[in-house]
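What follows is my_file-v7.cif (mmCIF, C-alpha atoms).
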data_target
loop_
_atom_site.group_PDB
_atom_site.id
_atom_site.type_symbol
_atom_site.label_atom_id
_atom_site.label_comp_id
_atom_site.auth_asym_id
_atom_site.auth_seq_id
_atom_site.Cartn_x
_atom_site.Cartn_y
_atom_site.Cartn_z
ATOM 1 C CA MET A 198 -7.099 11.749 -14.016
ATOM 2 C CA LYS A 199 -4.145 12.330 -11.709
ATOM 3 C CA ASN A 200 -5.730 15.028 -9.609
ATOM 4 C CA THR A 201 -9.413 14.879 -10.562
ATOM 5 C CA PHE A 202 -10.563 13.300 -7.313
ATOM 6 C CA LEU A 203 -8.837 16.020 -5.307
ATOM 7 C CA LEU A 204 -11.472 18.463 -6.589
ATOM 8 C CA ILE A 205 -14.436 16.446 -5.252
ATOM 9 C CA PRO A 206 -14.837 18.391 -1.948
ATOM 10 C CA CYS A 207 -15.035 21.652 -3.905
ATOM 11 C CA VAL A 208 -17.606 20.212 -6.305
ATOM 12 C CA VAL A 209 -19.761 18.910 -3.437
ATOM 13 C CA ALA A 210 -19.692 22.305 -1.744
ATOM 14 C CA ALA A 211 -20.590 24.032 -4.999
ATOM 15 C CA LEU A 212 -23.640 21.816 -5.438
ATOM 16 C CA PHE A 213 -25.088 23.143 -2.205
ATOM 17 C CA GLY A 214 -24.402 26.826 -2.924
ATOM 18 C CA THR A 215 -22.010 29.387 -1.612
ATOM 19 C CA LYS A 216 -23.685 29.635 1.798
ATOM 20 C CA VAL A 217 -22.346 26.218 2.881
ATOM 21 C CA SER A 218 -19.876 26.776 5.714
ATOM 22 C CA ALA A 219 -19.728 23.757 8.013
ATOM 23 C CA GLN A 220 -22.401 21.071 7.815
ATOM 24 C CA VAL A 221 -24.790 19.867 5.129
ATOM 25 C CA LYS A 222 -27.780 17.549 5.260
ATOM 26 C CA GLY A 223 -28.208 16.340 1.728
ATOM 27 C CA ASN A 224 -31.819 15.135 1.986
ATOM 28 C CA GLN A 225 -33.284 18.238 3.636
ATOM 29 C CA THR A 226 -32.993 21.992 3.355
ATOM 30 C CA LEU A 227 -29.805 23.721 4.387
ATOM 31 C CA GLY A 228 -31.668 25.519 7.138
ATOM 32 C CA ASN A 229 -32.685 22.306 8.905
ATOM 33 C CA SER A 230 -31.384 22.714 12.452
ATOM 34 C CA SER A 231 -30.789 19.008 13.128
ATOM 35 C CA ILE A 232 -27.577 18.937 11.110
ATOM 36 C CA ASN A 233 -26.061 21.643 13.302
ATOM 37 C CA LEU A 234 -26.308 19.290 16.283
ATOM 38 C CA SER A 235 -24.949 16.294 14.369
ATOM 39 C CA THR A 236 -21.427 14.838 14.528
ATOM 40 C CA ALA A 237 -21.513 14.408 10.744
ATOM 41 C CA PHE A 238 -20.217 17.337 8.718
ATOM 42 C CA PHE A 239 -22.043 15.899 5.672
ATOM 43 C CA ASP A 240 -25.179 13.751 5.879
ATOM 44 C CA ALA A 241 -26.336 12.218 2.609
ATOM 45 C CA SER A 242 -28.452 9.461 4.136
ATOM 46 C CA SER A 243 -31.716 8.572 2.416
ATOM 47 C CA SER A 244 -34.888 9.780 4.091
ATOM 48 C CA THR A 245 -38.451 8.490 4.294
ATOM 49 C CA LEU A 246 -39.129 10.744 1.330
ATOM 50 C CA TRP A 247 -37.557 7.990 -0.782
ATOM 51 C CA ASN A 248 -37.301 4.828 1.309
ATOM 52 C CA GLY A 249 -40.827 5.150 2.737
ATOM 53 C CA ALA A 250 -42.511 6.018 -0.528
ATOM 54 C CA SER A 251 -45.751 4.195 -1.233
ATOM 55 C CA PRO A 252 -46.072 2.956 -3.829
ATOM 56 C CA ALA A 253 -42.329 2.352 -3.990
ATOM 57 C CA ALA A 254 -40.425 4.642 -6.307
ATOM 58 C CA THR A 255 -38.285 3.177 -9.087
ATOM 59 C CA ASN A 256 -35.148 4.636 -7.514
ATOM 60 C CA VAL A 257 -35.639 3.765 -3.841
ATOM 61 C CA GLY A 258 -32.691 5.060 -1.812
ATOM 62 C CA LYS A 259 -29.618 6.786 -3.086
ATOM 63 C CA GLY A 260 -25.912 5.960 -3.265
ATOM 64 C CA PHE A 261 -22.646 7.878 -3.453
ATOM 65 C CA ILE A 262 -20.303 7.327 -6.393
ATOM 66 C CA PHE A 263 -16.715 7.443 -5.140
ATOM 67 C CA PRO A 264 -13.905 9.152 -7.044
ATOM 68 C CA ARG A 265 -12.396 6.729 -9.548
ATOM 69 C CA ALA A 266 -8.659 6.637 -10.183
ATOM 70 C CA ASP A 267 -6.087 4.546 -11.996
ATOM 71 C CA LEU A 268 -3.515 3.832 -9.278
ATOM 72 C CA ARG A 269 -1.020 2.745 -11.929
ATOM 73 C CA SER A 270 -0.497 6.410 -12.822
ATOM 74 C CA LEU A 271 -1.906 8.454 -9.929
ATOM 75 C CA VAL A 272 0.659 10.806 -8.367
ATOM 76 C CA LEU A 273 -0.200 12.506 -5.075
ATOM 77 C CA THR A 274 0.484 16.212 -5.298
ATOM 78 C CA ASN A 275 -0.820 19.583 -4.181
ATOM 79 C CA ASN A 276 0.043 21.742 -7.180
ATOM 80 C CA GLY A 277 3.608 20.534 -6.852
ATOM 81 C CA THR A 278 4.116 22.030 -3.395
ATOM 82 C CA TYR A 279 2.925 20.749 -0.020
ATOM 83 C CA LEU A 280 1.229 23.285 2.190
ATOM 84 C CA ALA A 281 1.199 22.192 5.808
ATOM 85 C CA SER A 282 -2.067 24.014 6.435
ATOM 86 C CA ASN A 283 -3.779 22.264 3.507
ATOM 87 C CA ASN A 284 -2.261 18.798 3.705
ATOM 88 C CA PRO A 285 -1.110 18.250 7.319
ATOM 89 C CA ASN A 286 -1.394 14.464 6.945
ATOM 90 C CA ARG A 287 0.093 14.153 3.461
ATOM 91 C CA PHE A 288 -3.066 12.524 2.076
ATOM 92 C CA ASP A 289 -3.175 9.955 4.886
ATOM 93 C CA GLY A 290 -6.666 8.390 4.715
ATOM 94 C CA ILE A 291 -7.624 9.477 1.197
ATOM 95 C CA ILE A 292 -9.971 6.954 -0.488
ATOM 96 C CA VAL A 293 -10.403 6.128 -4.185
ATOM 97 C CA TYR A 294 -11.922 3.388 -6.296
ATOM 98 C CA ASN A 295 -9.062 1.915 -8.324
ATOM 99 C CA THR A 296 -10.073 0.942 -11.856
ATOM 100 C CA ALA A 297 -7.041 -1.024 -13.049
ATOM 101 C CA SER A 298 -4.727 -3.954 -12.312
ATOM 102 C CA GLY A 299 -0.980 -3.417 -12.209
ATOM 103 C CA THR A 300 1.582 -1.598 -10.082
ATOM 104 C CA THR A 301 1.681 1.920 -8.683
ATOM 105 C CA PRO A 302 4.266 4.448 -9.967
ATOM 106 C CA ALA A 303 7.840 4.011 -8.737
ATOM 107 C CA THR A 304 7.777 7.503 -7.197
ATOM 108 C CA GLY A 305 5.145 10.070 -6.288
ATOM 109 C CA SER A 306 2.528 7.691 -4.965
ATOM 110 C CA GLY A 307 3.917 6.185 -1.759
ATOM 111 C CA ILE A 308 6.540 3.474 -1.591
ATOM 112 C CA GLY A 309 5.998 2.641 -5.257
ATOM 113 C CA ASN A 310 5.580 -0.502 -7.369
ATOM 114 C CA GLN A 311 2.726 -1.844 -5.239
ATOM 115 C CA THR A 312 0.448 -4.441 -6.802
ATOM 116 C CA VAL A 313 -3.151 -3.210 -7.071
ATOM 117 C CA THR A 314 -6.383 -4.609 -8.497
ATOM 118 C CA PRO A 315 -9.777 -2.961 -9.096
ATOM 119 C CA GLY A 316 -11.499 -1.996 -5.844
ATOM 120 C CA PHE A 317 -11.513 0.529 -3.012
ATOM 121 C CA TYR A 318 -8.119 1.641 -1.659
ATOM 122 C CA TYR A 319 -7.029 4.094 1.010
ATOM 123 C CA PHE A 320 -3.653 5.776 1.380
ATOM 124 C CA SER A 321 -1.940 4.902 4.678
ATOM 125 C CA ASN A 322 0.751 7.431 5.537
ATOM 126 C CA PRO A 323 0.975 7.675 9.346
ATOM 127 C CA GLY A 324 3.854 9.484 10.978
ATOM 128 C CA SER A 325 5.071 11.233 7.813
ATOM 129 C CA PRO A 326 4.662 14.990 8.321
ATOM 130 C CA THR A 327 6.780 16.053 5.354
ATOM 131 C CA THR A 328 6.463 13.436 2.596
ATOM 132 C CA THR A 329 4.211 10.833 0.956
ATOM 133 C CA ALA A 330 7.168 8.593 0.048
ATOM 134 C CA THR A 331 6.620 6.185 2.968
ATOM 135 C CA GLY A 332 2.862 5.847 2.474
ATOM 136 C CA GLN A 333 1.174 2.906 0.802
ATOM 137 C CA TRP A 334 -2.138 2.080 -0.860
ATOM 138 C CA LEU A 335 -4.094 -0.520 1.118
ATOM 139 C CA PRO A 336 -7.363 -2.223 0.126
ATOM 140 C CA LEU A 337 -10.317 -0.792 2.008
ATOM 141 C CA GLY A 338 -12.175 -3.217 4.246
ATOM 142 C CA GLY A 339 -10.235 -6.245 3.078
ATOM 143 C CA THR A 340 -7.002 -8.129 3.441
ATOM 144 C CA PRO A 341 -3.910 -6.853 1.632
ATOM 145 C CA PRO A 342 -3.326 -8.475 -1.757
ATOM 146 C CA LYS A 343 -0.987 -11.463 -1.896
ATOM 147 C CA VAL A 344 2.587 -10.556 -2.722
ATOM 148 C CA ASN A 345 4.268 -12.640 -5.411
ATOM 149 C CA VAL A 346 8.022 -12.538 -4.782
ATOM 150 C CA LEU A 347 9.809 -12.408 -8.128
ATOM 151 C CA THR A 348 13.389 -12.319 -9.409
ATOM 152 C CA THR A 349 13.071 -8.532 -9.536
ATOM 153 C CA GLU A 350 12.645 -6.386 -6.430
ATOM 154 C CA THR A 351 9.225 -6.950 -4.852
ATOM 155 C CA VAL A 352 7.475 -4.686 -2.324
ATOM 156 C CA THR A 353 6.130 -6.792 0.562
ATOM 157 C CA ASN A 354 3.286 -6.101 2.999
ATOM 158 C CA THR A 355 5.767 -5.780 5.875
ATOM 159 C CA LEU A 356 7.067 -2.653 7.576
ATOM 160 C CA VAL A 357 9.740 -2.628 10.296
ATOM 161 C CA ASN A 358 9.688 0.514 12.418
ATOM 162 C CA ASN A 359 7.895 2.244 9.507
ATOM 163 C CA ALA A 360 10.593 1.088 7.046
ATOM 164 C CA GLN A 361 9.474 -0.903 4.003
ATOM 165 C CA VAL A 362 10.681 -4.499 3.617
ATOM 166 C CA TYR A 363 11.535 -5.620 0.073
ATOM 167 C CA ALA A 364 12.085 -9.154 -1.257
ATOM 168 C CA ILE A 365 13.775 -10.860 -4.176
ATOM 169 C CA LYS A 366 14.193 -14.520 -5.158
ATOM 170 C CA GLY A 367 16.978 -16.371 -6.922
ATOM 171 C CA THR A 368 19.171 -19.461 -6.927
ATOM 172 C CA PHE A 369 22.721 -20.411 -5.920
ATOM 173 C CA ASN A 370 24.912 -23.478 -6.347
ATOM 174 C CA ALA A 371 26.546 -25.459 -3.525
ATOM 175 C CA THR A 372 29.552 -27.770 -3.835
ATOM 176 C CA GLY A 373 28.937 -30.042 -0.888
ATOM 177 C CA THR A 374 31.124 -28.050 1.490
ATOM 178 C CA THR A 375 29.409 -24.680 1.038
ATOM 179 C CA THR A 376 28.586 -22.676 4.136
ATOM 180 C CA SER A 377 28.864 -19.221 2.577
ATOM 181 C CA VAL A 378 25.944 -18.328 0.317
ATOM 182 C CA SER A 379 26.957 -15.873 -2.402
ATOM 183 C CA ILE A 380 24.022 -13.983 -3.914
ATOM 184 C CA PRO A 381 23.809 -10.628 -5.730
ATOM 185 C CA ALA A 382 23.309 -7.724 -3.320
ATOM 186 C CA PRO A 383 20.136 -5.800 -4.270
ATOM 187 C CA ALA A 384 20.686 -2.150 -5.177
ATOM 188 C CA GLY A 385 20.286 0.162 -2.212
ATOM 189 C CA ILE A 386 20.203 -2.560 0.440
ATOM 190 C CA THR A 387 21.103 -1.332 3.937
ATOM 191 C CA ALA A 388 20.270 -4.357 6.085
ATOM 192 C CA MET A 389 19.163 -7.966 5.800
ATOM 193 C CA TYR A 390 15.737 -8.742 7.271
ATOM 194 C CA ALA A 391 15.480 -12.477 6.549
ATOM 195 C CA ILE A 392 16.627 -15.179 4.174
ATOM 196 C CA THR A 393 14.845 -18.421 3.304
ATOM 197 C CA ILE A 394 16.763 -21.203 1.534
ATOM 198 C CA TYR A 395 14.735 -24.021 0.002
ATOM 199 C CA LYS A 396 14.392 -26.243 -3.063
ATOM 200 C CA ALA A 397 11.517 -25.519 -5.424
ATOM 201 C CA GLY A 398 9.115 -28.422 -5.896
ATOM 202 C CA THR A 399 9.936 -29.952 -2.517
ATOM 203 C CA ASN A 400 8.741 -29.406 1.020
ATOM 204 C CA THR A 401 12.277 -28.861 2.259
ATOM 205 C CA VAL A 402 13.297 -25.535 3.795
ATOM 206 C CA TYR A 403 17.020 -25.719 4.536
ATOM 207 C CA ASP A 404 17.494 -22.574 6.525
ATOM 208 C CA ARG A 405 15.897 -19.345 7.753
ATOM 209 C CA SER A 406 18.703 -18.218 10.031
ATOM 210 C CA LEU A 407 21.569 -15.892 9.256
ATOM 211 C CA TYR A 408 24.969 -15.519 10.881
ATOM 212 C CA SER A 409 26.388 -12.666 8.805
ATOM 213 C CA TYR A 410 25.651 -10.775 5.612
ATOM 214 C CA ASP A 411 27.749 -8.368 3.539
ATOM 215 C CA THR A 412 25.461 -5.741 1.979
ATOM 216 C CA THR A 413 28.122 -4.906 -0.612
ATOM 217 C CA SER A 414 29.127 -8.342 -1.917
ATOM 218 C CA GLY A 415 25.930 -10.240 -1.094
ATOM 219 C CA ASN A 416 27.950 -12.870 0.770
ATOM 220 C CA ALA A 417 25.882 -14.511 3.515
ATOM 221 C CA VAL A 418 26.826 -17.111 6.117
ATOM 222 C CA THR A 419 23.796 -19.028 7.316
ATOM 223 C CA GLY A 420 23.448 -20.793 10.624
ATOM 224 C CA SER A 421 24.810 -19.399 13.896
ATOM 225 C CA PRO A 422 28.217 -18.416 15.326
ATOM 226 C CA ASN A 423 28.486 -21.948 16.781
ATOM 227 C CA MET A 424 27.235 -23.953 13.801
ATOM 228 C CA SER A 425 27.134 -23.053 10.127
ATOM 229 C CA VAL A 426 24.885 -24.830 7.646
ATOM 230 C CA VAL A 427 26.655 -27.072 5.103
ATOM 231 C CA TYR A 428 24.721 -27.557 1.856
ATOM 232 C CA PRO A 429 25.004 -30.790 -0.153
ATOM 233 C CA ASN A 430 26.011 -30.460 -3.782
ATOM 234 C CA GLY A 431 23.226 -28.971 -5.878
ATOM 235 C CA THR A 432 21.185 -25.901 -6.780
ATOM 236 C CA TYR A 433 19.152 -24.106 -4.127
ATOM 237 C CA ASP A 434 16.469 -21.429 -4.193
ATOM 238 C CA TYR A 435 16.399 -18.450 -1.860
ATOM 239 C CA VAL A 436 14.123 -15.531 -0.943
ATOM 240 C CA LEU A 437 15.984 -12.531 0.438
ATOM 241 C CA GLU A 438 14.052 -9.954 2.487
ATOM 242 C CA TYR A 439 15.818 -6.666 3.160
ATOM 243 C CA LEU A 440 15.612 -2.975 4.038
ATOM 244 C CA LYS A 441 16.894 -0.060 1.980
#
Take the structure in the file and give it back as structure tokens.
Amino acid sequence: MKNTFLLIPCVVAALFGTKVSAQVKGNQTLGNSSINLSTAFFDASSSTLWNGASPAATNVGKGFIFPRADLRSLVLTNNGTYLASNNPNRFDGIIVYNTASGTTPATGSGIGNQTVTPGFYYFSNPGSPTTTATGQWLPLGGTPPKVNVLTTETVTNTLVNNAQVYAIKGTFNATGTTTSVSIPAPAGITAMYAITIYKAGTNTVYDRSLYSYDTTSGNAVTGSPNMSVVYPNGTYDYVLEYLK
């Protein structure tokens, strides 16, 4: 199923014969001159032949069945090699109907490990003339799915200057004099984007500011250069958002 939907344009053209060269009007003959003056390169709209039938036909109107794909395993490829003349936008704008719930592949299908559910998705890959790695699958005509930040690396819905923002949650212990928050540094991290420190089950958010962060050790000092945050004795939860 990986590349089946990529063959759809060829199949559609084949259905209308080898003389198809630019525009097709699906509900009339190929020689109908109106399609040549139309903005649409393909017009499959229903005509009065069906919608105006009297008495009404049992199959009034017609629909288009979109290519179906399992985004948990779909890998975007063009026979293994990208041809600039064939794929100048690296599949930017391609549309499929996703049939499964889960996560996209780690590589080969955009930023990887995106949460998807059944429905229409399009591939958003603007400004990437040589790769699909920075693209992402977005729901068509709807709001992006909610992101559940887990204790493993989570892909968020946020980009910063076209760079993906990741998130991870965890806990740390404070002694009552703690100002330096020591947390494991996620693999591949290059910069901190944000940190939220809170206590689960309460409405208390202790801090969302950051003074310094060591991407190697995971040591973070919250607060500002003039005032660091001191945490009372106890266990705290955090959500770390970062770039890589």
Report summary line: Atom pair CA of Tyr390 (chain A) + CA of Asp289 (chain A), distance 26.7 Å
Query raised in the report: Any idea what the distance is between CA of Ser270 (chain A) and CA of Ile365 (chain A)?
Result: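 These atoms are spaced 24.0 Å apart.
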**Report entry** Polymer residues at most 12 Å from region 411-419 of chain A, all atoms listed in the file, same-chain spacing of 5 or more positions, as number ranges by chain
**Finding:** A: 369, 375-394, 403-406, 424-428, 435, 437, 439-441
Query raised in the report: Near region 296-299 of chain A, within 8 Å and counting all atoms listed in the file, which residues show up once chain neighbours fewer than 6 positions away are dropped, as a ChimeraX atom specification?
Result: /A:265-269,312-316
Report task. Taking the point (-12.3, 9.5, -2.5) as given in the file, collect each protein or nucleic acid residue that comes within 7 Å of it, counting only C-alpha atoms, and present the set as a VMD selection string. Result -> chain A and resid 202 263 to 264 291 to 293
Query raised in the report: What is the distance between CA of Ala397 (chain A) and CA of Val346 (chain A), in Å to one decimal?
Result: 13.5 Å
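Residue membership of the PyMOL selection byres ((chain A and resi 364) around 9) in the shown file amounts to Val346, Leu347, Thr348, Thr349, Glu350, Thr351, Val352, Thr353, Val362, Tyr363, Ile365, Lys366, Val436, Leu437, Glu438, Tyr439 and Leu440 of chain A.
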Requested in this report: Have a look at A:Thr368, A:Asp434, A:Asp240, A:Asn345 and name the one nearest to Thr401 (chain A); count only C-alpha atoms.
Outcome: A:Asp434
**Report entry** Shell of 6 Å around region 302-311 of chain A, only C-alpha atoms, local chain residues under 6 positions omitted, as a list in words
**Finding:** Arg269, Ser270, Val272, Leu273, Thr329, Ala330, Thr331, Gly332 and Gln333 of chain A
Around all the atoms of region 372-384 of chain A listed in the file, with 8 Å of room on each side, what axis-aligned box do you get, giving centre and edge lengths in Å to one decimal, as lines of an AutoDock Vina configuration file?
center_x = 25.6
center_y = -16.1
center_z = -0.8
size_x = 27.0
size_y = 43.9
size_z = 25.9
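Counting all atoms listed in the file and comparing A:Ala237, A:Pro323, A:Gly367, A:Trp334, the residue that lies closest to Tyr294 (chain A) is A:Trp334.
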